[in-house]
$ cat start-v6.cif   # mmCIF, C-alpha atoms
data_model
loop_
_atom_site.label_atom_id
_atom_site.label_comp_id
_atom_site.auth_asym_id
_atom_site.auth_seq_id
_atom_site.Cartn_x
_atom_site.Cartn_y
_atom_site.Cartn_z
CA MET A 50 21.18 147.92 14.57
CA SER A 51 17.65 149.39 14.61
CA ASP A 52 15.82 147.25 17.17
CA PRO A 53 15.12 149.34 20.34
CA GLU A 54 15.90 146.43 22.65
CA GLN A 55 19.19 145.76 20.88
CA ILE A 56 20.12 149.43 21.09
CA ALA A 57 19.23 149.50 24.78
CA ARG A 58 21.52 146.52 25.36
CA GLY A 59 24.29 148.25 23.45
CA ALA A 60 23.92 151.39 25.55
CA ALA A 61 23.99 149.34 28.76
CA GLU A 62 27.19 147.58 27.68
CA LEU A 63 28.84 150.95 27.08
CA MET A 64 28.03 152.37 30.52
CA PRO A 65 31.16 151.30 32.46
CA GLU A 66 33.29 153.05 29.86
CA ILE A 67 30.88 156.02 29.68
CA ILE A 68 31.12 156.57 33.43
CA GLU A 69 34.91 156.35 33.35
CA ARG A 70 35.07 158.91 30.54
CA LEU A 71 32.59 161.23 32.27
CA GLU A 72 34.60 161.16 35.48
CA ALA A 73 37.78 162.02 33.59
CA LEU A 74 36.05 165.02 31.99
CA VAL A 75 34.65 166.26 35.32
CA ARG A 76 38.19 166.35 36.75
CA ILE A 77 39.09 169.13 34.30
CA PRO A 78 37.99 172.49 35.83
CA SER A 79 37.01 174.06 32.51
CA VAL A 80 35.61 177.37 33.81
CA ALA A 81 35.69 179.85 30.92
CA PHE A 82 34.69 182.90 32.98
CA PRO A 83 37.00 185.94 32.71
CA GLY A 84 39.66 185.85 35.40
CA PHE A 85 39.88 182.05 35.60
CA ASP A 86 42.89 180.06 34.41
CA PRO A 87 42.43 179.44 30.66
CA GLU A 88 44.68 176.37 30.62
CA PRO A 89 42.05 173.89 31.88
CA VAL A 90 39.60 175.20 29.29
CA HIS A 91 42.08 174.51 26.49
CA ALA A 92 42.87 171.12 28.03
CA MET A 93 39.17 170.32 28.02
CA GLY A 94 38.86 171.24 24.34
CA ALA A 95 41.69 168.83 23.53
CA ALA A 96 40.07 166.15 25.69
CA VAL A 97 36.81 166.48 23.75
CA VAL A 98 38.66 166.01 20.46
CA GLU A 99 40.19 162.82 21.86
CA LEU A 100 36.78 161.71 23.16
CA PHE A 101 35.14 161.77 19.75
CA GLU A 102 38.16 160.28 18.02
CA ALA A 103 37.84 157.38 20.45
CA ALA A 104 34.20 157.02 19.33
CA GLY A 105 35.37 156.48 15.75
CA ALA A 106 34.93 160.02 14.42
CA HIS A 107 37.50 161.16 11.89
CA GLY A 108 38.61 164.72 11.22
CA VAL A 109 37.65 166.06 14.65
CA LYS A 110 39.37 169.40 15.19
CA LEU A 111 39.41 172.61 17.15
CA LEU A 112 38.17 175.68 15.29
CA ASP A 113 39.30 179.12 16.42
CA VAL A 114 36.33 181.27 17.47
CA PRO A 115 37.25 184.98 17.21
CA GLY A 116 37.37 186.54 20.65
CA GLY A 117 36.63 183.31 22.51
CA TYR A 118 37.65 179.76 23.22
CA PRO A 119 37.79 177.29 20.32
CA CYS A 120 34.90 175.00 19.46
CA VAL A 121 35.23 171.30 18.66
CA TYR A 122 33.98 170.45 15.18
CA ALA A 123 33.65 167.47 12.90
CA ASP A 124 31.78 166.73 9.67
CA LEU A 125 31.17 162.99 9.29
CA PRO A 126 29.66 162.11 5.91
CA GLY A 127 26.89 159.56 5.57
CA PRO A 128 25.20 157.96 2.57
CA ALA A 129 24.51 160.22 -0.40
CA GLY A 130 21.19 162.02 -0.04
CA SER A 131 20.82 161.22 3.65
CA PRO A 132 19.89 163.93 6.16
CA THR A 133 22.45 165.71 8.31
CA VAL A 134 22.20 165.77 12.11
CA LEU A 135 24.33 168.17 14.14
CA LEU A 136 25.10 167.13 17.73
CA TYR A 137 25.73 170.05 20.11
CA ALA A 138 27.01 170.27 23.69
CA HIS A 139 29.40 172.53 25.58
CA TYR A 140 32.60 171.72 27.41
CA ASP A 141 32.85 174.72 29.75
CA VAL A 142 31.33 174.73 33.23
CA GLN A 143 30.13 177.12 35.90
CA PRO A 144 32.50 178.09 38.73
CA ALA A 145 32.22 175.99 41.90
CA PRO A 146 33.14 178.21 44.86
CA LYS A 147 33.25 176.66 48.33
CA SER A 148 30.73 179.30 49.43
CA GLN A 149 28.07 177.38 47.52
CA GLY A 150 28.23 174.66 50.17
CA TRP A 151 29.59 171.63 48.32
CA THR A 152 29.65 168.41 50.37
CA SER A 153 32.31 166.86 48.13
CA GLU A 154 35.13 168.24 45.98
CA PRO A 155 33.47 169.71 42.87
CA PHE A 156 36.19 168.60 40.46
CA GLU A 157 36.69 165.16 41.97
CA PRO A 158 33.71 163.08 40.78
CA VAL A 159 32.15 160.75 43.30
CA THR A 160 29.26 158.29 43.10
CA LYS A 161 27.18 158.58 46.26
CA SER A 162 24.71 156.21 47.88
CA ASP A 163 21.86 157.40 45.64
CA GLY A 164 23.78 156.15 42.60
CA ARG A 165 24.25 159.63 41.13
CA ILE A 166 27.61 160.99 39.98
CA TYR A 167 28.47 164.28 41.73
CA GLY A 168 30.79 166.98 40.41
CA ARG A 169 30.75 170.29 38.61
CA GLY A 170 29.75 169.68 35.01
CA ALA A 171 28.68 166.08 35.63
CA ALA A 172 25.24 167.10 34.35
CA ASP A 173 25.82 170.49 32.71
CA ASP A 174 27.07 169.65 30.20
CA LYS A 175 29.64 166.89 30.28
CA SER A 176 26.74 164.44 30.38
CA GLY A 177 25.86 165.78 26.92
CA LEU A 178 29.38 165.03 25.71
CA VAL A 179 29.24 161.39 26.76
CA ILE A 180 25.71 161.01 25.37
CA HIS A 181 27.09 162.08 22.00
CA TYR A 182 30.09 159.78 22.47
CA GLY A 183 27.81 156.82 23.18
CA THR A 184 25.60 157.65 20.21
CA LEU A 185 28.52 157.69 17.80
CA ALA A 186 29.90 154.48 19.30
CA LEU A 187 26.58 152.68 18.84
CA LEU A 188 26.06 153.93 15.29
CA GLY A 189 29.54 152.77 14.29
CA ALA A 190 31.25 153.54 11.02
CA ASP A 191 28.17 152.76 8.92
CA ARG A 192 26.19 155.79 10.05
CA PRO A 193 22.78 156.02 8.30
CA CYS A 194 23.11 159.78 7.83
CA SER A 195 25.68 162.54 7.96
CA VAL A 196 26.63 163.74 11.43
CA LYS A 197 28.23 167.00 12.45
CA ILE A 198 29.70 167.68 15.88
CA LEU A 199 29.74 171.12 17.48
CA VAL A 200 30.95 171.53 21.06
CA GLU A 201 31.23 175.01 22.50
CA GLY A 202 33.79 176.27 25.00
CA GLU A 203 32.01 179.27 26.53
CA GLU A 204 28.28 178.62 26.76
CA GLU A 205 28.26 179.49 30.46
CA THR A 206 29.76 182.93 29.94
CA ILE A 207 29.55 185.57 27.18
CA SER A 208 29.64 183.33 24.13
CA HIS A 209 31.33 184.27 20.88
CA LEU A 210 30.06 181.21 19.03
CA GLU A 211 26.78 182.69 17.77
CA ALA A 212 28.50 185.23 15.53
CA PHE A 213 30.94 182.57 14.31
CA VAL A 214 28.09 180.24 13.33
CA GLU A 215 26.20 183.02 11.57
CA ASP A 216 29.35 184.06 9.68
CA ASN A 217 30.03 180.45 8.56
CA PRO A 218 26.58 178.98 7.83
CA GLU A 219 27.87 176.32 5.45
CA LEU A 220 29.85 174.66 8.26
CA PHE A 221 26.82 174.30 10.48
CA ALA A 222 23.97 173.61 8.05
CA ALA A 223 21.91 170.59 9.09
CA ASP A 224 18.44 169.12 8.82
CA ALA A 225 18.19 168.60 12.58
CA TYR A 226 20.11 170.01 15.53
CA VAL A 227 20.32 167.93 18.69
CA ILE A 228 21.05 170.06 21.75
CA ALA A 229 22.01 167.74 24.63
CA ASP A 230 22.06 170.46 27.28
CA ILE A 231 18.78 170.14 29.16
CA GLY A 232 16.68 167.36 30.66
CA PRO A 233 13.37 166.02 31.94
CA GLN A 234 11.47 166.96 35.06
CA LYS A 235 12.49 163.78 36.83
CA VAL A 236 14.62 160.68 36.24
CA GLY A 237 12.75 158.09 34.20
CA ARG A 238 10.21 160.58 32.82
CA PRO A 239 11.22 161.47 29.26
CA GLY A 240 10.86 165.15 28.45
CA LEU A 241 11.13 166.87 25.07
CA THR A 242 11.65 170.59 25.59
CA THR A 243 9.52 172.55 23.14
CA ALA A 244 10.12 176.11 24.36
CA LEU A 245 12.89 178.16 25.93
CA ARG A 246 12.47 181.50 27.60
CA GLY A 247 14.99 184.01 26.35
CA ASP A 248 17.37 185.95 28.58
CA VAL A 249 17.95 189.70 28.28
CA ALA A 250 20.15 191.66 30.65
CA CYS A 251 21.10 195.21 31.53
CA THR A 252 22.68 197.27 34.29
CA VAL A 253 20.99 200.15 36.11
CA THR A 254 22.93 202.80 38.01
CA VAL A 255 21.29 205.14 40.50
CA ARG A 256 23.08 208.34 41.61
CA THR A 257 21.95 210.74 44.33
CA LEU A 258 25.09 212.44 45.70
CA ALA A 259 28.42 213.70 44.43
CA ASN A 260 30.28 211.74 47.12
CA PRO A 261 29.61 209.73 50.30
CA VAL A 262 28.46 211.81 53.29
CA HIS A 263 27.94 211.12 57.01
CA SER A 264 24.58 209.40 57.55
CA GLY A 265 24.06 211.05 60.93
CA MET A 266 24.75 214.59 59.75
CA PHE A 267 22.88 214.38 56.45
CA GLY A 268 20.55 211.38 56.61
CA GLY A 269 16.86 212.20 56.65
CA ALA A 270 16.94 214.77 53.88
CA ALA A 271 19.77 213.77 51.55
CA PRO A 272 18.70 210.64 49.60
CA ASP A 273 20.83 207.52 49.82
CA ALA A 274 21.44 205.79 46.45
CA MET A 275 20.74 202.34 47.88
CA THR A 276 17.38 203.47 49.24
CA ALA A 277 16.52 204.90 45.83
CA MET A 278 17.66 201.66 44.15
CA ILE A 279 15.33 199.66 46.41
CA ARG A 280 12.41 201.77 45.20
CA VAL A 281 13.43 201.30 41.56
CA LEU A 282 13.76 197.52 41.89
CA ASP A 283 10.51 197.20 43.82
CA SER A 284 8.65 198.59 40.79
CA LEU A 285 9.50 195.46 38.77
CA HIS A 286 7.04 193.18 40.62
CA ASP A 287 3.49 193.54 41.91
CA GLU A 288 2.24 192.40 45.32
CA ASN A 289 1.89 188.81 44.00
CA GLY A 290 5.45 188.66 42.78
CA ASP A 291 4.49 188.80 39.08
CA THR A 292 6.86 190.72 36.83
CA VAL A 293 4.84 193.77 35.73
CA ILE A 294 6.62 195.96 33.21
CA PRO A 295 4.77 197.87 30.47
CA GLY A 296 5.49 196.36 27.05
CA VAL A 297 6.86 193.07 28.40
CA ASP A 298 4.94 190.08 27.02
CA SER A 299 3.28 187.34 29.04
CA SER A 300 1.66 184.07 27.98
CA SER A 301 0.37 180.71 29.25
CA TRP A 302 1.64 177.14 28.95
CA ALA A 303 -0.33 174.51 26.98
CA GLY A 304 1.97 171.48 27.32
CA ALA A 305 2.66 169.12 30.20
CA SER A 306 2.41 170.53 33.71
CA MET A 307 5.37 171.16 35.97
CA GLU A 308 4.91 168.92 38.97
CA GLU A 309 4.96 170.96 42.19
CA SER A 310 6.92 168.37 44.18
CA VAL A 311 9.59 168.25 41.46
CA TYR A 312 9.82 172.02 41.39
CA ARG A 313 10.04 172.31 45.17
CA GLU A 314 12.82 169.74 45.32
CA GLY A 315 14.79 171.25 42.46
CA SER A 316 14.38 174.88 43.51
CA ALA A 317 15.28 174.30 47.18
CA ILE A 318 12.48 176.59 48.42
CA LEU A 319 12.50 176.65 52.20
CA PRO A 320 9.53 175.18 54.07
CA GLY A 321 6.76 177.74 54.44
CA VAL A 322 8.15 180.10 51.78
CA GLU A 323 5.49 180.90 49.18
CA PHE A 324 5.77 180.75 45.40
CA LEU A 325 5.89 183.99 43.46
CA GLY A 326 3.32 185.01 40.89
CA THR A 327 -0.06 183.90 39.66
CA GLY A 328 -1.31 181.34 37.14
CA THR A 329 -0.22 177.73 36.93
CA LEU A 330 3.28 176.76 38.02
CA SER A 331 4.05 175.92 34.38
CA ASP A 332 2.89 179.39 33.30
CA ARG A 333 5.15 181.07 35.82
CA ILE A 334 8.36 179.25 34.93
CA TRP A 335 7.92 178.56 31.21
CA ALA A 336 5.53 181.15 29.73
CA LYS A 337 5.68 184.33 31.81
CA PRO A 338 8.48 186.89 32.20
CA SER A 339 10.71 186.81 35.26
CA VAL A 340 13.16 189.53 36.25
CA THR A 341 16.00 188.83 38.70
CA VAL A 342 18.60 191.05 40.35
CA LEU A 343 21.84 189.17 39.70
CA GLY A 344 24.16 191.41 41.68
CA MET A 345 24.92 194.88 43.00
CA ASP A 346 27.99 197.04 43.44
CA LEU A 347 27.84 198.28 47.04
CA PRO A 348 29.76 197.78 50.29
CA ASN A 349 29.48 194.43 52.04
CA THR A 350 28.52 194.27 55.70
CA ALA A 351 32.13 193.96 56.87
CA GLU A 352 33.09 197.17 55.06
CA ALA A 353 29.90 199.13 55.77
CA SER A 354 30.28 202.51 57.48
CA ASN A 355 27.92 205.27 58.56
CA VAL A 356 27.62 206.99 55.19
CA LEU A 357 24.95 207.65 52.60
CA LEU A 358 25.93 205.96 49.34
CA PRO A 359 26.22 208.29 46.35
CA GLU A 360 25.90 205.63 43.64
CA VAL A 361 24.74 202.01 43.31
CA THR A 362 24.74 199.74 40.24
CA ALA A 363 22.67 196.59 39.82
CA LYS A 364 22.74 193.94 37.09
CA LEU A 365 19.35 192.61 36.04
CA SER A 366 18.38 189.55 34.01
CA MET A 367 14.90 189.08 32.60
CA ARG A 368 13.61 185.79 31.21
CA ILE A 369 11.30 186.52 28.29
CA VAL A 370 8.49 184.36 26.95
CA PRO A 371 8.68 182.10 23.87
CA GLY A 372 7.51 183.96 20.77
CA SER A 373 8.56 187.40 22.02
CA ASP A 374 11.12 189.71 20.42
CA GLY A 375 14.23 189.86 22.58
CA ASP A 376 15.35 193.34 21.50
CA ALA A 377 11.89 194.81 22.10
CA GLN A 378 11.58 193.11 25.49
CA LEU A 379 14.95 194.43 26.65
CA GLU A 380 14.05 197.94 25.48
CA ALA A 381 10.78 197.76 27.44
CA LEU A 382 12.70 196.79 30.59
CA MET A 383 15.28 199.53 30.08
CA ALA A 384 12.61 202.16 29.36
CA HIS A 385 10.79 201.21 32.55
CA LEU A 386 13.96 201.50 34.61
CA ARG A 387 14.76 204.92 33.13
CA SER A 388 11.28 206.12 34.08
CA GLN A 389 11.78 205.22 37.75
CA ARG A 390 13.38 208.25 39.39
CA PRO A 391 12.52 208.38 43.09
CA TRP A 392 13.32 211.82 44.54
CA ASN A 393 14.42 212.87 41.05
CA CYS A 394 17.60 210.79 41.30
CA GLU A 395 19.82 210.17 38.27
CA VAL A 396 19.21 206.81 36.56
CA GLU A 397 21.47 205.35 33.87
CA VAL A 398 20.63 202.08 32.10
CA GLU A 399 22.97 200.12 29.82
CA LYS A 400 22.39 197.02 27.68
CA VAL A 401 24.35 193.88 28.53
CA LYS A 402 22.95 191.20 26.19
CA VAL A 403 19.97 189.83 24.30
CA GLY A 404 19.29 186.08 24.32
CA HIS A 405 16.25 185.30 22.18
CA ALA A 406 13.43 183.00 23.18
CA PHE A 407 12.62 179.85 21.20
CA ALA A 408 9.59 177.70 20.41
CA VAL A 409 9.54 174.31 18.62
CA ASP A 410 7.24 173.40 15.74
CA GLU A 411 5.99 170.11 17.18
CA SER A 412 4.61 169.01 13.80
CA HIS A 413 8.09 168.91 12.23
CA PRO A 414 8.93 165.33 11.12
CA ALA A 415 12.24 165.38 13.01
CA ILE A 416 10.48 166.41 16.24
CA ILE A 417 8.01 163.55 15.77
CA ALA A 418 10.93 161.17 15.17
CA ALA A 419 12.62 162.44 18.34
CA SER A 420 9.48 161.95 20.42
CA THR A 421 9.04 158.43 19.04
CA ALA A 422 12.65 157.60 19.91
CA LEU A 423 12.29 158.91 23.46
CA GLU A 424 9.16 156.85 24.04
CA ALA A 425 10.86 153.70 22.74
CA ALA A 426 13.95 154.25 24.91
CA TYR A 427 12.02 154.98 28.11
CA GLY A 428 8.98 152.78 27.58
CA VAL A 429 6.57 155.52 28.73
CA SER A 430 4.84 158.52 27.17
CA VAL A 431 6.86 161.66 26.47
CA GLU A 432 6.12 164.98 28.19
CA SER A 433 6.20 168.20 26.17
CA ILE A 434 7.87 170.59 28.61
CA GLY A 435 9.34 174.07 28.62
CA SER A 436 12.42 175.57 30.18
CA GLY A 437 13.06 178.85 31.88
CA ALA A 438 16.68 178.57 30.85
CA SER A 439 18.11 179.82 27.59
CA ILE A 440 20.67 178.32 25.20
CA PRO A 441 22.16 181.25 23.27
CA LEU A 442 23.18 179.29 20.17
CA VAL A 443 19.62 178.17 19.37
CA ALA A 444 18.68 181.53 17.84
CA SER A 445 21.76 181.44 15.60
CA LEU A 446 20.99 177.92 14.41
CA GLN A 447 17.50 179.09 13.48
CA LYS A 448 19.05 181.84 11.35
CA VAL A 449 21.41 179.39 9.65
CA ALA A 450 18.68 176.84 8.87
CA PRO A 451 15.18 178.20 9.58
CA GLU A 452 13.40 175.12 8.21
CA SER A 453 15.39 172.65 10.29
CA ALA A 454 14.32 171.07 13.58
CA ILE A 455 15.97 171.76 16.93
CA ILE A 456 15.71 168.91 19.44
CA LEU A 457 16.28 169.89 23.07
CA TRP A 458 16.89 167.06 25.54
CA GLY A 459 19.50 165.50 27.80
CA ALA A 460 20.20 164.07 31.25
CA GLU A 461 19.90 167.22 33.40
CA ASP A 462 16.77 166.38 35.42
CA THR A 463 15.07 169.33 37.15
CA ALA A 464 14.45 167.54 40.44
CA GLN A 465 17.98 166.63 41.45
CA SER A 466 20.72 167.71 39.04
CA ARG A 467 21.27 171.13 40.71
CA ILE A 468 23.09 172.60 37.73
CA HIS A 469 25.01 175.84 38.48
CA ALA A 470 24.67 175.09 42.22
CA SER A 471 26.43 173.03 44.88
CA ASP A 472 26.43 169.23 44.62
CA GLU A 473 25.60 169.14 40.92
CA SER A 474 24.95 165.55 39.86
CA VAL A 475 23.68 163.28 37.12
CA ASP A 476 21.89 159.92 37.12
CA PRO A 477 23.83 157.38 35.00
CA GLY A 478 20.55 155.72 34.04
CA GLU A 479 19.44 158.93 32.33
CA ILE A 480 22.67 159.01 30.32
CA GLU A 481 22.13 155.41 29.29
CA ARG A 482 18.53 156.00 28.19
CA MET A 483 19.47 159.18 26.33
CA ILE A 484 22.21 157.37 24.41
CA ALA A 485 19.60 154.85 23.29
CA ALA A 486 17.05 157.56 22.48
CA GLN A 487 19.51 159.64 20.48
CA THR A 488 20.69 156.63 18.51
CA LEU A 489 17.09 155.64 17.75
CA PHE A 490 16.30 159.18 16.68
CA ILE A 491 19.08 159.23 14.10
CA LEU A 492 18.00 155.83 12.78
CA ASN A 493 14.34 156.97 12.68
CA LEU A 494 15.23 160.16 10.85
CA ALA A 495 17.28 158.28 8.26
CA GLU A 496 14.48 155.77 7.70
CA ARG A 497 11.91 158.55 7.24
CA SER A 498 14.12 160.25 4.65
CA ARG A 499 14.37 157.01 2.65
CA GLY A 500 10.63 156.38 2.87
#

$ encode --input "start-v6.cif" --output "structure tokens"
Amino acid sequence: MSDPEQIARGAAELMPEIIERLEALVRIPSVAFPGFDPEPVHAMGAAVVELFEAAGAHGVKLLDVPGGYPCVYADLPGPAGSPTVLLYAHYDVQPAPKSQGWTSEPFEPVTKSDGRIYGRGAADDKSGLVIHYGTLALLGADRPCSVKILVEGEEETISHLEAFVEDNPELFAADAYVIADIGPQKVGRPGLTTALRGDVACTVTVRTLANPVHSGMFGGAAPDAMTAMIRVLDSLHDENGDTVIPGVDSSSWAGASMEESVYREGSAILPGVEFLGTGTLSDRIWAKPSVTVLGMDLPNTAEASNVLLPEVTAKLSMRIVPGSDGDAQLEALMAHLRSQRPWNCEVEVEKVKVGHAFAVDESHPAIIAASTALEAAYGVSVESIGSGASIPLVASLQKVAPESAIILWGAEDTAQSRIHASDESVDPGEIERMIAAQTLFILNLAERSRG
């Protein structure tokens, strides 16, 4: 089956089953964060094994990942001499606290009047799982190339998979890696992601006093740690909101433009609130650095008392531009923080993680085959887009197979999917089109290798 129209019909026929399987997966609260019940995560791993077995895959198994949750793996041989495609997704999800403002139960999937399926993980990344399921089901037993399956169980938290992949390169070697954990700007507009910002993180602790003291008796001369922290954090941005840190790289975006209306809808910016930064919108979210304060250790308003705080710790994340060196960018951020010492306060900075940035070689034959498949499945031109998000495993796959292509796509549209937030959802039509596109890609790649 290589005709695009025939493949589209096949994907459409699968959709009732696809939706049923997606809903079953969403019902499993597979949050892999420390402190959450591990049982649903293990149950989800087992469910993914069953999912791919139902698609006709043989030898699907759970592999122990040292220090972390197991990954789902399979190696499905194709014709001799054919290329190998590895299909990646993840089965863990973000937490879904009620404080986020969900309008439906996050782990009870529901299709609302807009036709979208709502639930935690419906888009990120259980949609990727059913896209892979549909692809394998359409290809059938006579696959035109070898296919490997790799599904991670802790992508949303501190992952242990990267080291495991790098320690076992023979298991994960492939000619093309398909990462179904991202999506287009908007439903019906095919997007091929060609760059990912990296994500580096650290903590900064500011100390000013040996212990808390009365704010009335000592305030005005003794420095409060929170006040000092505010001065430190304010140094990270200029008056325009641009991240301005010596040694941190910045760039510009040359691909398709981020549509402002799409960005406004997806980002939930309040009416009248201005954008940060300078340059095009695409520059700011795909090609320039962005530092964010993720959290702080300090009293909440209910527990606040009239004292000067002796110590405050903040966790910072900085998105770094494609083409930059993650270790060097983190060191530049940490060096800047250490240099900020208002009122000669003590400042301690500690590394949390380095997630490297990524850029696609758009001239790679597999990338061209992927773009051709997307265009055929959607019937419109493909946008070359970036992403401010990071996928930690990508850097490890590059180490394992530096000459191979990495295809980044999926059903998580920017405008409405609201991944990591309340009322996460996915459009079933995007899943259907991505099943067709992914199937066409594998067929295209196999044909190119024979030609």

$ closest_atom_pairs --input "start-v6.cif" --of "region 372-431 of chain A" --to "region 331-355 of chain A" --cutoff "10 Å" --atoms "only C-alpha atoms" --output "JSON lines"
{"residue": "A:Gly372", "atom": "CA", "partner": "A:Ala336", "partner_atom": "CA", "distance": 9.6}
{"residue": "A:Gln378", "atom": "CA", "partner": "A:Pro338", "partner_atom": "CA", "distance": 9.7}
{"residue": "A:Leu382", "atom": "CA", "partner": "A:Val340", "partner_atom": "CA", "distance": 9.2}

$ atom_distance --input "start-v6.cif" --atom1 "CA of Gly232 (chain A)" --atom2 "CA of Gln55 (chain A)"
23.8 Å

$ residues_around --input "start-v6.cif" --residues "region 195-199 of chain A" --least-positions-apart "4" --cutoff "6 Å" --atoms "only C-alpha atoms" --output "number ranges by chain"
A: 121-127, 133-137

$ closest_atom_pairs --input "start-v6.cif" --of "region 122-222 of chain A" --to "region 391-403 of chain A" --cutoff "12 Å" --atoms "all atoms listed in the file" --output "CSV"
residue,atom,partner,partner_atom,distance
A:Thr206,CA,A:Lys402,CA,11.4
A:Ile207,CA,A:Lys402,CA,8.7
A:Ser208,CA,A:Lys402,CA,10.5
A:Glu211,CA,A:Val403,CA,11.8

$ residues_around --input "start-v6.cif" --residues "Leu100 (chain A)" --least-positions-apart "4" --cutoff "10 Å" --atoms "all atoms listed in the file" --output "ChimeraX atom specification"
/A:70,74,94-96,104-106,109,178-179,181-182

$ resolve_selection --input "start-v6.cif" --expression "the PyMOL selection byres ((chain A and resi 119) around 10)" --output "number ranges by chain"
A: 90-91, 94-95, 110-118, 120-122, 200-203, 209-210

$ resolve_selection --input "start-v6.cif" --expression "the PyMOL selection byres ((chain A and resi 183) around 12)" --output "PyMOL selection string"
chain A and resi 56-57+59-68+70-71+100-101+103-106+136+176-182+184-189+480-488

$ residues_around --input "start-v6.cif" --residues "region 306-310 of chain A" --least-positions-apart "2" --cutoff "8 Å" --atoms "all atoms listed in the file" --output "PyMOL selection string"
chain A and resi 234+304+312-314+330-331+434

$ residues_around --input "start-v6.cif" --residues "region 235-248 of chain A" --least-positions-apart "6" --cutoff "8 Å" --atoms "only C-alpha atoms" --output "compact mmCIF listing (two decimals) with C-alpha atoms, in the frame of the given file"
# COMPACT_ATOMS: atom_id res chain seq x y z
CA VAL A 311 9.59 168.25 41.46
CA TRP A 335 7.92 178.56 31.21
CA ALA A 336 5.53 181.15 29.73
CA SER A 366 18.38 189.55 34.01
CA MET A 367 14.90 189.08 32.60
CA ARG A 368 13.61 185.79 31.21
CA ILE A 369 11.30 186.52 28.29
CA VAL A 370 8.49 184.36 26.95
CA PRO A 371 8.68 182.10 23.87
CA GLY A 375 14.23 189.86 22.58
CA VAL A 403 19.97 189.83 24.30
CA GLY A 404 19.29 186.08 24.32
CA HIS A 405 16.25 185.30 22.18
CA ALA A 406 13.43 183.00 23.18
CA PHE A 407 12.62 179.85 21.20
CA ALA A 408 9.59 177.70 20.41
CA VAL A 409 9.54 174.31 18.62
CA ASP A 410 7.24 173.40 15.74
CA GLU A 411 5.99 170.11 17.18
CA SER A 420 9.48 161.95 20.42
CA LEU A 423 12.29 158.91 23.46
CA GLU A 424 9.16 156.85 24.04
CA TYR A 427 12.02 154.98 28.11
CA VAL A 429 6.57 155.52 28.73
CA SER A 430 4.84 158.52 27.17
CA VAL A 431 6.86 161.66 26.47
CA GLU A 432 6.12 164.98 28.19
CA SER A 433 6.20 168.20 26.17
CA ILE A 434 7.87 170.59 28.61
CA GLY A 435 9.34 174.07 28.62
CA SER A 436 12.42 175.57 30.18
CA GLY A 437 13.06 178.85 31.88
CA ALA A 438 16.68 178.57 30.85
CA SER A 439 18.11 179.82 27.59
CA ILE A 440 20.67 178.32 25.20
CA ILE A 456 15.71 168.91 19.44
CA LEU A 457 16.28 169.89 23.07
CA TRP A 458 16.89 167.06 25.54
CA ASP A 462 16.77 166.38 35.42
CA THR A 463 15.07 169.33 37.15
CA ALA A 464 14.45 167.54 40.44
CA GLN A 465 17.98 166.63 41.45
CA ASP A 476 21.89 159.92 37.12
CA GLU A 479 19.44 158.93 32.33

$ atom_distance --input "start-v6.cif" --atom1 "CA of Asp376 (chain A)" --atom2 "CA of Thr292 (chain A)"
17.7 Å

$ closest_residue --input "start-v6.cif" --among "A:Ser474, A:Thr152, A:Ser301, A:Ser412" --to "Gly168 (chain A)" --atoms "all atoms listed in the file"
A:Ser474

$ resolve_selection --input "start-v6.cif" --expression "the PyMOL selection byres ((chain A and resi 193) around 6)" --output "ChimeraX atom specification"
/A:192,194,495

$ closest_residue --input "start-v6.cif" --among "A:Pro414, A:Pro233, A:Pro441, A:Gly459" --to "Asp174 (chain A)" --atoms "only C-alpha atoms"
A:Gly459

$ residues_around --input "start-v6.cif" --residues "region 319-325 of chain A" --least-positions-apart "3" --cutoff "8 Å" --atoms "all atoms listed in the file" --output "compact mmCIF listing (two decimals) with C-alpha atoms, in the coordinates of the input"
# COMPACT_ATOMS: atom_id res chain seq x y z
CA ASN A 289 1.89 188.81 44.00
CA GLY A 290 5.45 188.66 42.78
CA ASP A 291 4.49 188.80 39.08

$ decode --input "start-v6.cif" --residues "region 54-66 of chain A" --atoms "C-alpha atoms" --output "tab-separated table (two decimals), in the first residue's frame"
chain	number	residue	atom	x	y	z
A	54	GLU	CA	-5.21	8.21	-0.95
A	55	GLN	CA	-5.30	4.53	-0.06
A	56	ILE	CA	-3.18	5.16	3.02
A	57	ALA	CA	-5.44	8.04	4.04
A	58	ARG	CA	-8.46	5.74	3.77
A	59	GLY	CA	-6.67	3.13	5.86
A	60	ALA	CA	-5.88	5.69	8.56
A	61	ALA	CA	-9.50	6.87	8.58
A	62	GLU	CA	-10.78	3.31	9.00
A	63	LEU	CA	-8.50	2.85	12.01
A	64	MET	CA	-9.68	5.96	13.85
A	65	PRO	CA	-12.55	4.47	15.93
A	66	GLU	CA	-10.11	1.93	17.35
